[in-house]
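Below is one structure, written out as structure tokens; comments come after it.
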Amino acid sequence: MADKLFLEVVTPEKAIVSEEAEIVVAPGSEGEFGALKGHTTFLTSLKMGTLRYKDAKGQERLLFINGGFAEVLPDKVTILAESAERRQHIDVARAQAAKERAEQRLSDKAPDNDFVRAEVALRRAIGRIKIANIKK
């Protein structure tokens with residue numbers, strides 16, 4: 001593990017990733033950041049978006065994460081995410097249906113509509129669809 005660091009991505013339900021990585025790129029709340037072996041230690045919050053990393057074999061891997069926190073150490077990155085899905089596990093039909101529901105709620109002018117929640121649901125659905133449709 002000379003030039004690699006260890007990546008863990010954990011949600012409240014389960015561990016999603018637990019493997020060596022060459023590089024990790026995550027959507028920090030203050031902007032996207034990358035970490036390599038030997039990186040300075042820091043802790044940051046994460047926003048919804050794409051977590052990218054190159055595994056020990058150099059293959060790029062993608063996950064959709066829905067916020068959380070990241071701890072970066074010189075030899076390890078730990079992501080504590082509200083939710084996370086590997087690209088290949090995203091159900092595109094379900095994400096498309098969620099997108100359509102969110103768009104419908106946003107277009108409905110009912111006074112009891114929670115527009116903030118609908119906007120977040122729309123962003124989440126679009127993010128999941130975007131990652132799932134990336135061709136490898």
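The chains in the structure tokens are called A, B, ... from first to last as shown; in each chain the residues are counted from 1, and the ligands are counted from 1 in the order shown.
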
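For A:Ile90, the set of protein, DNA and RNA residues having any atom at most 12 Å away, when counting only C-alpha atoms and skipping those fewer than 5 positions along the same chain, is Leu62, Leu63, Phe64, Ile65, Ala84, Glu85, Ala95, Gln96, Arg124, Ala125, Ile126, Gly127, Arg128, Ile129, Lys130, Ile131, Ala132, Asn133 and Ile134 of chain A.
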
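For stretch 72-82 of chain A, the non-local neighbours within 8 Å, defined as residues at least 2 positions apart in the same chain or in other chains and counting only C-alpha atoms, are Lys4, Leu5, Phe6, Leu7, Glu8, Val9, Val10, Thr11, Pro12, Val24, Ala35, Leu36, Lys37, Gly38, His39, Thr40, Thr41, Phe42, Leu43, Ile65, Asn66, Gly67, Gly68, Phe69, Ala70 and Ala84 of chain A.
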
_Write out as number ranges by chain the set of residues from chain A that DSSP, computed on the backbone, places in alpha helix (DSSP H)._
A: 92-107, 115-132

May I have the residues within 6 Å of A:Lys47 as an mmCIF file with N, CA and C atoms, in the first residue's frame, using only C-alpha atoms and disregarding those fewer than 4 positions away in the same chain?
```
data_model
loop_
_atom_site.group_PDB
_atom_site.id
_atom_site.type_symbol
_atom_site.label_atom_id
_atom_site.label_comp_id
_atom_site.auth_asym_id
_atom_site.auth_seq_id
_atom_site.Cartn_x
_atom_site.Cartn_y
_atom_site.Cartn_z
ATOM 1 N N PRO A 27 -17.293 15.758 -3.180
ATOM 2 C CA PRO A 27 -17.961 17.067 -3.235
ATOM 3 C C PRO A 27 -18.039 17.729 -1.859
ATOM 4 N N GLY A 28 -16.976 18.391 -1.456
ATOM 5 C CA GLY A 28 -16.968 19.084 -0.171
ATOM 6 C C GLY A 28 -17.933 20.256 -0.166
ATOM 7 N N SER A 29 -18.384 20.640 0.997
ATOM 8 C CA SER A 29 -19.340 21.746 1.090
ATOM 9 C C SER A 29 -18.734 23.070 0.629
ATOM 10 N N GLY A 67 -24.753 13.994 0.814
ATOM 11 C CA GLY A 67 -24.263 14.738 1.965
ATOM 12 C C GLY A 67 -23.590 13.862 3.001
#
```

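With distances restricted to only C-alpha atoms, A:Leu46 is the closest residue to A:Glu30 from A:Leu46, A:Leu122, A:Val92, A:Val17.
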
Would you work out the distance separating atom CA of A:Ser83 from atom CA of A:Glu13, expressed in Å to one decimal?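 Here the two named atoms are 8.3 Å from each other.
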
Q: Using only C-alpha atoms, determine which residues lie at most 10 Å from stretch 112-120 of chain A, disregarding the query and same-chain residues fewer than 2 positions distant; provide the list as a count of residues only.
A: 18

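For the atom pair formed by atom CA of A:Glu19 and atom CA of A:Asp91, the distance is 23.8 Å, given to one decimal.
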
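Note that the spacing between atom CA of A:Glu71 and atom CA of A:Ser45 amounts to 8.9 Å.
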
Problem set entry | Those of chain A in DSSP strand (DSSP E or B), formatted as a PyMOL selection string | chain A and resi 5-10+15-28+31-36+42-46+49-55+60-65+68-73+76-81+84-86

Counting only C-alpha atoms, closest pick from A:Leu51, A:Ala93, A:Ala21, A:Ala56 relative to A:Phe33 is A:Leu51
